[in-house]
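> Structure file structure.cif, mmCIF, C-alpha atoms (C1' of nucleotides), is pasted below:
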```cif
data_query
#
loop_
_atom_site.group_PDB
_atom_site.id
_atom_site.type_symbol
_atom_site.label_atom_id
_atom_site.label_comp_id
_atom_site.auth_asym_id
_atom_site.auth_seq_id
_atom_site.Cartn_x
_atom_site.Cartn_y
_atom_site.Cartn_z
ATOM 1 C CA MET A 1313 207.464 10.171 87.326
ATOM 2 C CA SER A 1314 206.730 13.044 84.979
ATOM 3 C CA GLN A 1315 209.879 14.651 86.229
ATOM 4 C CA VAL A 1316 212.006 11.675 85.304
ATOM 5 C CA LEU A 1317 210.398 11.419 81.887
ATOM 6 C CA LYS A 1318 210.826 15.086 81.202
ATOM 7 C CA ALA A 1319 214.434 14.863 82.290
ATOM 8 C CA ILE A 1320 215.243 12.013 79.925
ATOM 9 C CA SER A 1321 213.244 13.461 77.053
ATOM 10 C CA ASP A 1322 216.117 15.835 76.364
ATOM 11 C CA PRO A 1323 218.910 14.347 74.224
ATOM 12 C CA THR A 1324 221.666 16.227 76.017
ATOM 13 C CA ARG A 1325 220.524 14.945 79.363
ATOM 14 C CA ARG A 1326 220.157 11.433 78.046
ATOM 15 C CA THR A 1327 223.731 11.563 76.825
ATOM 16 C CA VAL A 1328 224.848 12.810 80.226
ATOM 17 C CA LEU A 1329 223.210 9.810 81.821
ATOM 18 C CA GLU A 1330 224.824 7.506 79.306
ATOM 19 C CA LEU A 1331 228.217 9.001 80.067
ATOM 20 C CA LEU A 1332 227.619 8.524 83.766
ATOM 21 C CA ARG A 1333 226.790 4.914 83.129
ATOM 22 C CA LYS A 1334 230.515 4.305 82.761
ATOM 23 C CA GLY A 1335 231.128 5.777 86.167
ATOM 24 C CA PRO A 1336 231.054 9.016 88.175
ATOM 25 C CA MET A 1337 232.356 12.151 86.469
ATOM 26 C CA THR A 1338 232.925 15.773 87.311
ATOM 27 C CA ALA A 1339 230.677 18.514 85.959
ATOM 28 C CA GLY A 1340 233.540 19.849 83.877
ATOM 29 C CA ALA A 1341 234.432 16.505 82.379
ATOM 30 C CA LEU A 1342 230.810 15.962 81.446
ATOM 31 C CA ALA A 1343 230.498 19.448 79.985
ATOM 32 C CA GLU A 1344 233.452 18.834 77.687
ATOM 33 C CA HIS A 1345 231.360 16.412 75.692
ATOM 34 C CA PHE A 1346 228.875 19.051 74.657
ATOM 35 C CA ALA A 1347 228.865 22.179 72.565
ATOM 36 C CA VAL A 1348 226.960 24.260 75.081
ATOM 37 C CA SER A 1349 228.222 26.521 77.821
ATOM 38 C CA LYS A 1350 228.974 25.307 81.298
ATOM 39 C CA PRO A 1351 226.166 27.268 82.907
ATOM 40 C CA THR A 1352 223.778 25.604 80.485
ATOM 41 C CA MET A 1353 225.168 22.223 81.433
ATOM 42 C CA SER A 1354 224.760 23.173 85.050
ATOM 43 C CA THR A 1355 221.045 23.699 84.551
ATOM 44 C CA HIS A 1356 220.809 20.329 82.841
ATOM 45 C CA PHE A 1357 222.478 18.792 85.875
ATOM 46 C CA LYS A 1358 219.994 20.562 88.062
ATOM 47 C CA VAL A 1359 217.103 19.020 86.140
ATOM 48 C CA LEU A 1360 218.653 15.587 86.473
ATOM 49 C CA LYS A 1361 219.137 16.130 90.170
ATOM 50 C CA ALA A 1362 215.575 17.351 90.626
ATOM 51 C CA ALA A 1363 214.444 14.113 88.989
ATOM 52 C CA ASP A 1364 216.687 12.276 91.420
ATOM 53 C CA LEU A 1365 218.460 10.628 88.523
ATOM 54 C CA VAL A 1366 221.913 11.683 89.639
ATOM 55 C CA HIS A 1367 223.767 12.210 92.852
ATOM 56 C CA SER A 1368 226.262 15.013 93.316
ATOM 57 C CA GLU A 1369 229.151 15.202 95.662
ATOM 58 C CA LYS A 1370 231.803 17.811 96.137
ATOM 59 C CA ASN A 1371 235.407 16.860 95.796
ATOM 60 C CA GLY A 1372 237.722 19.784 96.183
ATOM 61 C CA THR A 1373 236.755 22.400 93.667
ATOM 62 C CA SER A 1374 234.962 19.850 91.565
ATOM 63 C CA VAL A 1375 231.544 18.326 91.740
ATOM 64 C CA ILE A 1376 231.280 14.675 90.954
ATOM 65 C CA TYR A 1377 228.065 13.434 89.468
ATOM 66 C CA SER A 1378 227.012 9.842 89.540
ATOM 67 C CA LEU A 1379 224.075 8.014 88.048
ATOM 68 C CA LYS A 1380 221.311 6.658 90.223
ATOM 69 C CA MET A 1381 220.533 3.745 88.006
ATOM 70 C CA SER A 1382 217.906 2.375 90.341
ATOM 71 C CA VAL A 1383 215.752 5.481 90.007
ATOM 72 C CA LEU A 1384 215.889 5.333 86.233
ATOM 73 C CA GLU A 1385 215.126 1.672 86.343
ATOM 74 C CA GLU A 1386 212.145 2.069 88.594
ATOM 75 C CA ALA A 1387 210.727 4.884 86.518
ATOM 76 C CA LEU A 1388 210.929 2.791 83.378
ATOM 77 C CA MET A 1389 209.315 -0.134 85.130
ATOM 78 C CA GLY A 1390 206.620 2.134 86.480
ATOM 79 C CA ILE A 1391 205.774 3.305 83.002
ATOM 80 C CA ALA A 1392 205.844 -0.187 81.612
ATOM 81 C CA HIS A 1393 203.548 -1.303 84.379
ATOM 82 C CA ALA A 1394 201.160 1.600 83.832
ATOM 83 C CA PHE A 1395 200.708 0.493 80.268
ATOM 84 C CA GLY A 1396 200.370 -3.169 81.030
ATOM 85 C CA LEU A 1397 203.599 -4.194 79.459
ATOM 86 C CA ASP A 1398 205.493 -5.392 82.410
ATOM 87 C CA PRO A 1399 208.873 -6.269 80.970
ATOM 88 C CA ASN A 1400 209.661 -9.029 83.383
ATOM 89 C CA LYS A 1401 206.592 -10.961 82.406
ATOM 90 C CA ASN A 1402 205.630 -9.672 79.022
ATOM 91 C CA GLU A 1403 202.456 -11.563 78.416
ATOM 92 C CA SER A 1404 199.505 -9.310 79.205
ATOM 93 C CA VAL A 1405 200.029 -6.909 76.373
ATOM 94 C CA SER A 1406 196.698 -7.545 74.732
ATOM 95 C CA GLU A 1407 193.928 -8.023 77.174
ATOM 96 C CA SER A 1408 190.891 -6.480 75.546
ATOM 97 C CA GLY A 1409 190.381 -7.631 72.001
ATOM 98 C CA ASP A 1410 193.443 -6.132 70.465
ATOM 99 C CA SER A 1411 191.579 -5.054 67.362
ATOM 100 C CA GLY A 1412 192.629 -1.465 67.076
ATOM 101 C CA THR A 1413 195.658 -1.628 69.217
ATOM 102 C CA GLN A 1414 198.100 -2.099 66.448
ATOM 103 C CA ASN A 1415 197.522 -1.081 62.887
ATOM 104 C CA PRO A 1416 199.370 -2.463 59.920
ATOM 105 C CA LYS A 1417 200.231 0.866 58.410
ATOM 106 C CA GLU A 1418 202.180 3.519 60.208
ATOM 107 C CA ASN A 1419 201.724 6.982 58.868
ATOM 108 C CA ARG A 1420 204.195 9.190 60.587
ATOM 109 C CA THR A 1421 203.808 12.664 59.201
ATOM 110 C CA MET B 450 212.684 8.762 70.673
ATOM 111 C CA SER B 451 212.754 12.189 72.260
ATOM 112 C CA GLN B 452 209.372 12.778 70.760
ATOM 113 C CA VAL B 453 207.880 9.711 72.392
ATOM 114 C CA LEU B 454 209.417 10.589 75.726
ATOM 115 C CA LYS B 455 208.237 14.159 75.563
ATOM 116 C CA ALA B 456 204.775 12.932 74.650
ATOM 117 C CA ILE B 457 204.507 10.606 77.618
ATOM 118 C CA SER B 458 206.100 13.037 80.042
ATOM 119 C CA ASP B 459 202.787 14.869 80.223
ATOM 120 C CA PRO B 460 200.313 13.381 82.716
ATOM 121 C CA THR B 461 197.266 14.185 80.603
ATOM 122 C CA ARG B 462 198.730 12.438 77.608
ATOM 123 C CA ARG B 463 199.758 9.462 79.697
ATOM 124 C CA THR B 464 196.203 9.136 80.935
ATOM 125 C CA VAL B 465 194.944 9.323 77.366
ATOM 126 C CA LEU B 466 197.188 6.442 76.466
ATOM 127 C CA GLU B 467 196.028 4.486 79.466
ATOM 128 C CA LEU B 468 192.403 5.036 78.474
ATOM 129 C CA LEU B 469 193.185 3.864 74.972
ATOM 130 C CA ARG B 470 194.689 0.744 76.403
ATOM 131 C CA LYS B 471 191.150 -0.511 77.011
ATOM 132 C CA GLY B 472 190.338 -0.009 73.357
ATOM 133 C CA PRO B 473 189.815 2.628 70.662
ATOM 134 C CA MET B 474 187.891 5.756 71.635
ATOM 135 C CA THR B 475 186.611 8.881 69.975
ATOM 136 C CA ALA B 476 188.216 12.239 70.632
ATOM 137 C CA GLY B 477 185.110 13.410 72.416
ATOM 138 C CA ALA B 478 184.878 10.383 74.658
ATOM 139 C CA LEU B 479 188.509 10.824 75.604
ATOM 140 C CA ALA B 480 188.064 14.542 76.213
ATOM 141 C CA GLU B 481 185.236 13.892 78.678
ATOM 142 C CA HIS B 482 187.738 12.476 81.118
ATOM 143 C CA PHE B 483 189.621 15.730 81.455
ATOM 144 C CA ALA B 484 188.946 19.182 82.759
ATOM 145 C CA VAL B 485 190.429 20.986 79.785
ATOM 146 C CA SER B 486 188.777 22.217 76.628
ATOM 147 C CA LYS B 487 188.390 20.094 73.548
ATOM 148 C CA PRO B 488 190.780 22.164 71.455
ATOM 149 C CA THR B 489 193.381 21.617 74.142
ATOM 150 C CA MET B 490 192.751 17.915 74.018
ATOM 151 C CA SER B 491 193.044 18.090 70.273
ATOM 152 C CA THR B 492 196.565 19.466 70.558
ATOM 153 C CA HIS B 493 197.430 16.709 72.994
ATOM 154 C CA PHE B 494 196.187 14.209 70.437
ATOM 155 C CA LYS B 495 198.320 15.891 67.835
ATOM 156 C CA VAL B 496 201.405 15.455 69.993
ATOM 157 C CA LEU B 497 200.609 11.792 70.503
ATOM 158 C CA LYS B 498 200.116 11.366 66.792
ATOM 159 C CA ALA B 499 203.350 13.146 65.993
ATOM 160 C CA ALA B 500 205.078 10.681 68.303
ATOM 161 C CA ASP B 501 203.322 7.910 66.393
ATOM 162 C CA LEU B 502 201.858 6.641 69.635
ATOM 163 C CA VAL B 503 198.281 6.688 68.399
ATOM 164 C CA HIS B 504 196.445 6.064 65.190
ATOM 165 C CA SER B 505 193.431 8.136 64.165
ATOM 166 C CA GLU B 506 190.611 7.193 61.901
ATOM 167 C CA LYS B 507 187.504 9.031 60.881
ATOM 168 C CA ASN B 508 184.151 7.440 61.489
ATOM 169 C CA GLY B 509 181.311 9.688 60.499
ATOM 170 C CA THR B 510 181.680 12.950 62.343
ATOM 171 C CA SER B 511 183.894 11.335 64.927
ATOM 172 C CA VAL B 512 187.550 10.571 65.038
ATOM 173 C CA ILE B 513 188.526 7.323 66.636
ATOM 174 C CA TYR B 514 191.905 7.149 68.305
ATOM 175 C CA SER B 515 193.658 3.920 69.030
ATOM 176 C CA LEU B 516 196.868 3.127 70.847
ATOM 177 C CA LYS B 517 199.898 1.906 68.983
ATOM 178 C CA MET B 518 201.187 -0.223 71.778
ATOM 179 C CA SER B 519 204.087 -1.547 69.759
ATOM 180 C CA VAL B 520 205.552 1.930 69.314
ATOM 181 C CA LEU B 521 205.365 2.630 73.013
ATOM 182 C CA GLU B 522 206.845 -0.719 73.752
ATOM 183 C CA GLU B 523 209.739 -0.257 71.394
ATOM 184 C CA ALA B 524 210.494 3.202 72.725
ATOM 185 C CA LEU B 525 210.652 1.913 76.262
ATOM 186 C CA MET B 526 212.864 -0.941 75.202
ATOM 187 C CA GLY B 527 215.086 1.444 73.298
ATOM 188 C CA ILE B 528 215.576 3.545 76.394
ATOM 189 C CA ALA B 529 216.183 0.549 78.567
ATOM 190 C CA HIS B 530 218.724 -0.694 76.074
ATOM 191 C CA ALA B 531 220.449 2.690 75.873
ATOM 192 C CA PHE B 532 221.033 2.537 79.591
ATOM 193 C CA GLY B 533 222.097 -1.054 79.692
ATOM 194 C CA LEU B 534 219.087 -2.332 81.518
ATOM 195 C CA ASP B 535 217.439 -4.546 79.002
ATOM 196 C CA PRO B 536 214.166 -5.513 80.621
ATOM 197 C CA ASN B 537 213.732 -8.851 78.941
ATOM 198 C CA LYS B 538 216.886 -10.146 80.442
ATOM 199 C CA ASN B 539 217.367 -8.198 83.585
ATOM 200 C CA GLU B 540 220.250 -9.850 85.213
ATOM 201 C CA SER B 541 222.725 -7.187 86.247
ATOM 202 C CA VAL B 542 220.297 -5.042 88.129
ATOM 203 C CA SER B 543 218.963 -5.221 91.615
ATOM 204 C CA GLU B 544 215.395 -4.104 91.939
ATOM 205 C CA SER B 545 214.944 -5.394 95.436
ATOM 206 C CA GLY B 546 215.231 -2.064 97.097
ATOM 207 C CA ASP B 547 216.423 1.417 96.582
ATOM 208 C CA SER B 548 219.994 0.698 97.352
ATOM 209 C CA GLY B 549 221.902 3.096 95.232
ATOM 210 C CA THR B 550 223.506 1.488 92.300
ATOM 211 C CA GLN B 551 226.889 3.032 92.788
ATOM 212 C CA ASN B 552 226.716 5.931 95.146
ATOM 213 C CA PRO B 553 226.718 5.441 98.868
ATOM 214 C CA LYS B 554 224.720 8.459 99.822
ATOM 215 C CA GLU B 555 221.342 9.466 98.455
ATOM 216 C CA ASN B 556 220.158 12.910 99.299
ATOM 217 C CA ARG B 557 216.866 13.476 97.665
ATOM 218 C CA THR B 558 215.841 17.041 98.331
ATOM 219 C "C1'" DA C 56 169.998 23.927 51.331
ATOM 220 C "C1'" DC C 57 169.961 24.097 56.452
ATOM 221 C "C1'" DA C 58 170.720 22.886 60.999
ATOM 222 C "C1'" DC C 59 173.241 20.108 64.106
ATOM 223 C "C1'" DT C 60 177.200 17.600 65.947
ATOM 224 C "C1'" DA C 61 182.240 16.425 66.264
ATOM 225 C "C1'" DA C 62 186.616 17.809 65.773
ATOM 226 C "C1'" DT C 63 190.190 20.778 64.334
ATOM 227 C "C1'" DT C 64 192.419 25.214 63.155
ATOM 228 C "C1'" DA C 65 193.367 30.149 64.141
ATOM 229 C "C1'" DG C 66 194.890 33.441 67.041
ATOM 230 C "C1'" DA C 67 196.085 35.086 71.493
ATOM 231 C "C1'" DT C 68 198.326 34.829 76.141
ATOM 232 C "C1'" DA C 69 200.860 33.033 80.108
ATOM 233 C "C1'" DA C 70 204.218 29.826 81.696
ATOM 234 C "C1'" DT C 71 208.125 27.062 80.977
ATOM 235 C "C1'" DT C 72 212.557 25.902 78.980
ATOM 236 C "C1'" DA C 73 217.174 26.167 76.743
ATOM 237 C "C1'" DG C 74 220.517 28.971 75.818
ATOM 238 C "C1'" DC C 75 223.823 32.891 76.515
ATOM 239 C "C1'" DT C 76 227.208 36.278 79.171
ATOM 240 C "C1'" DA C 77 228.658 38.123 83.419
ATOM 241 C "C1'" DA C 78 229.028 37.811 88.273
ATOM 242 C "C1'" DA C 79 229.274 35.273 92.546
ATOM 243 C "C1'" DT C 80 230.658 31.323 95.253
ATOM 244 C "C1'" DT C 81 233.732 27.807 96.953
ATOM 245 C "C1'" DA C 82 237.948 25.353 97.605
ATOM 246 C "C1'" DC C 83 242.859 25.160 97.181
ATOM 247 C "C1'" DG C 84 247.655 26.411 96.924
ATOM 248 C "C1'" DA C 85 251.402 29.781 97.112
ATOM 249 C "C1'" DT D 463 245.561 36.779 102.009
ATOM 250 C "C1'" DC D 464 245.589 36.587 97.085
ATOM 251 C "C1'" DG D 465 245.016 34.326 92.833
ATOM 252 C "C1'" DT D 466 243.251 30.611 90.224
ATOM 253 C "C1'" DA D 467 240.122 26.991 88.926
ATOM 254 C "C1'" DA D 468 235.495 24.761 89.006
ATOM 255 C "C1'" DT D 469 230.909 25.363 89.396
ATOM 256 C "C1'" DT D 470 226.723 27.625 90.166
ATOM 257 C "C1'" DT D 471 223.602 31.709 90.358
ATOM 258 C "C1'" DA D 472 221.685 35.965 88.283
ATOM 259 C "C1'" DG D 473 219.614 38.115 84.698
ATOM 260 C "C1'" DC D 474 218.398 38.115 80.174
ATOM 261 C "C1'" DT D 475 216.370 36.551 75.377
ATOM 262 C "C1'" DA D 476 214.261 33.395 72.175
ATOM 263 C "C1'" DA D 477 211.637 29.396 71.430
ATOM 264 C "C1'" DT D 478 208.289 26.178 72.875
ATOM 265 C "C1'" DT D 479 204.154 24.627 75.225
ATOM 266 C "C1'" DA D 480 199.566 24.565 77.454
ATOM 267 C "C1'" DT D 481 195.669 26.775 77.630
ATOM 268 C "C1'" DC D 482 191.691 29.524 76.267
ATOM 269 C "C1'" DT D 483 187.721 31.417 73.034
ATOM 270 C "C1'" DA D 484 186.052 31.971 68.480
ATOM 271 C "C1'" DA D 485 185.842 30.401 63.910
ATOM 272 C "C1'" DT D 486 186.128 26.750 60.501
ATOM 273 C "C1'" DT D 487 185.737 22.249 58.416
ATOM 274 C "C1'" DA D 488 183.444 17.909 57.709
ATOM 275 C "C1'" DG D 489 179.689 14.611 58.054
ATOM 276 C "C1'" DT D 490 174.628 13.424 58.848
ATOM 277 C "C1'" DG D 491 169.947 13.937 58.745
ATOM 278 C "C1'" DT D 492 165.749 16.593 57.480
#
```
Translate the structure of the given file into structure tokens.


Amino acid sequence: MSQVLKAISDPTRRTVLELLRKGPMTAGALAEHFAVSKPTMSTHFKVLKAADLVHSEKNGTSVIYSLKMSVLEEALMGIAHAFGLDPNKNESVSESGDSGTQNPKENRT
Amino acid sequence: MSQVLKAISDPTRRTVLELLRKGPMTAGALAEHFAVSKPTMSTHFKVLKAADLVHSEKNGTSVIYSLKMSVLEEALMGIAHAFGLDPNKNESVSESGDSGTQNPKENRT
DNA sequence: ACACTAATTAGATAATTAGCTAAATTACGA
DNA sequence: TCGTAATTTAGCTAATTATCTAATTAGTGT
């Protein structure tokens, strides 16, 4: 779970996943969307693969990556569940006197 | 968004948030649950605060932390939305099993 | 003012991560 | 087999992160 979260906490990798949402793509085609070198993209792919968020498959000289939506989905649900906000039945958000849970003023520094 | 994800990608910080789900707690009381030093916990708190996931409030010599559930909730929804799996109306997704969403072969290493 | 408690800041170190260039690998076509 | 293209690995540097101990700040009570 940490691995999935760490993987998607990087903007580049999130964008890769969003690109793959439209369908499978080669490493090169993906890399074209970013201003970093191909080896750098390759390590990003490796992180995504380690998190099991993508599948890779050789096709000739290319490598086609595809999104494993179900893994992403389950990770998100797992997190939601861990924090009591199960999205499919969002009801049990406040279960212990929600006094300090949400404050009116948000001071982001 | 990256900040929230990075914050919750750490197991210690996730546990802190889960503890705070039961209600506000002092820094010391939170720290007791972990095997790391208090200064280390303090930096974890700082990360959570920077992500706007917790609120802090002085009370005498103590600092009381409380969870900002709404921020966490919105971040999770934002991610879900970015990937087209809006949790509140999950319709196009199959969570029944681990059948790959679009790839036939899953080789998790 | 002084001592005590709670928490944070300062300063250091080790581990991880993102990025690069250059080299190696793999597959394909002539 | 040789050359080319696509991708990854190797090896490096810089930046970030997690952790520690020691010192500092802030509040409370005597």

> Residues within 8 Å of DT469 of chain D, please, as a VMD selection string. Count only C-alpha atoms (C1' of nucleotides); anything in the same chain fewer than 4 positions from it doesn't count.

chain A and resid 1339 1354 1373 to 1375

> Taking only C-alpha atoms (C1' of nucleotides) into account, report as a list in words which residues of chain B lie within 9 Å of chain D.

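The answer, sorted by residue number, is Val485, Ser486, Pro488, Thr489, Gly509, Thr510 and Ser511 of chain B.
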
> Taking only C-alpha atoms (C1' of nucleotides) into account, report as a PyMOL selection string which residues of chain C lie within 9 Å of chain A.

chain C and resi 73-75+81-83

> What separation in Å, quoted to one decimal, exists between atom CA of Thr475 of chain B and atom CA of Tyr514 of chain B?

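Those two atoms sit 5.8 Å apart.
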
> Which distance in Å separates atom CA of Val1366 of chain A and atom CA of Lys1380 of chain A, to one decimal?

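Separation between atom CA of Val1366 of chain A and atom CA of Lys1380 of chain A: 5.1 Å.
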
> Could you please determine the separation between atom C1' of DA69 of chain C and atom CA of Leu466 of chain B in Å, to one decimal place?

27.1 Å

> Using the chain letters and numbers from the file, give me the residues hit by the PyMOL selection byres ((chain B and resi 500) around 8), as a tab-separated table (two decimals) with C-alpha atoms, keeping the file's coordinate frame.


```tsv
chain	number	residue	atom	x	y	z
A	1420	ARG	CA	204.20	9.19	60.59
B	452	GLN	CA	209.37	12.78	70.76
B	453	VAL	CA	207.88	9.71	72.39
B	456	ALA	CA	204.78	12.93	74.65
B	496	VAL	CA	201.40	15.46	69.99
B	497	LEU	CA	200.61	11.79	70.50
B	498	LYS	CA	200.12	11.37	66.79
B	499	ALA	CA	203.35	13.15	65.99
B	501	ASP	CA	203.32	7.91	66.39
B	502	LEU	CA	201.86	6.64	69.64
B	503	VAL	CA	198.28	6.69	68.40
```

> Using all atoms listed in the file, determine which residues lie at most 12 Å from Phe532 of chain B, disregarding the query and same-chain residues fewer than 3 positions distant; provide the list as a PyMOL selection string.

(chain A and resi 1320+1326-1334+1379-1382+1384-1385+1388) or (chain B and resi 525-529+535-536+541-542)

> Given all atoms listed in the file as the basis, pick out the residue of A:Lys1358, A:His1393, A:His1367, A:Arg1325 nearest to chain B.

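Among A:Lys1358, A:His1393, A:His1367, A:Arg1325, it is A:His1367 that comes nearest to chain B.
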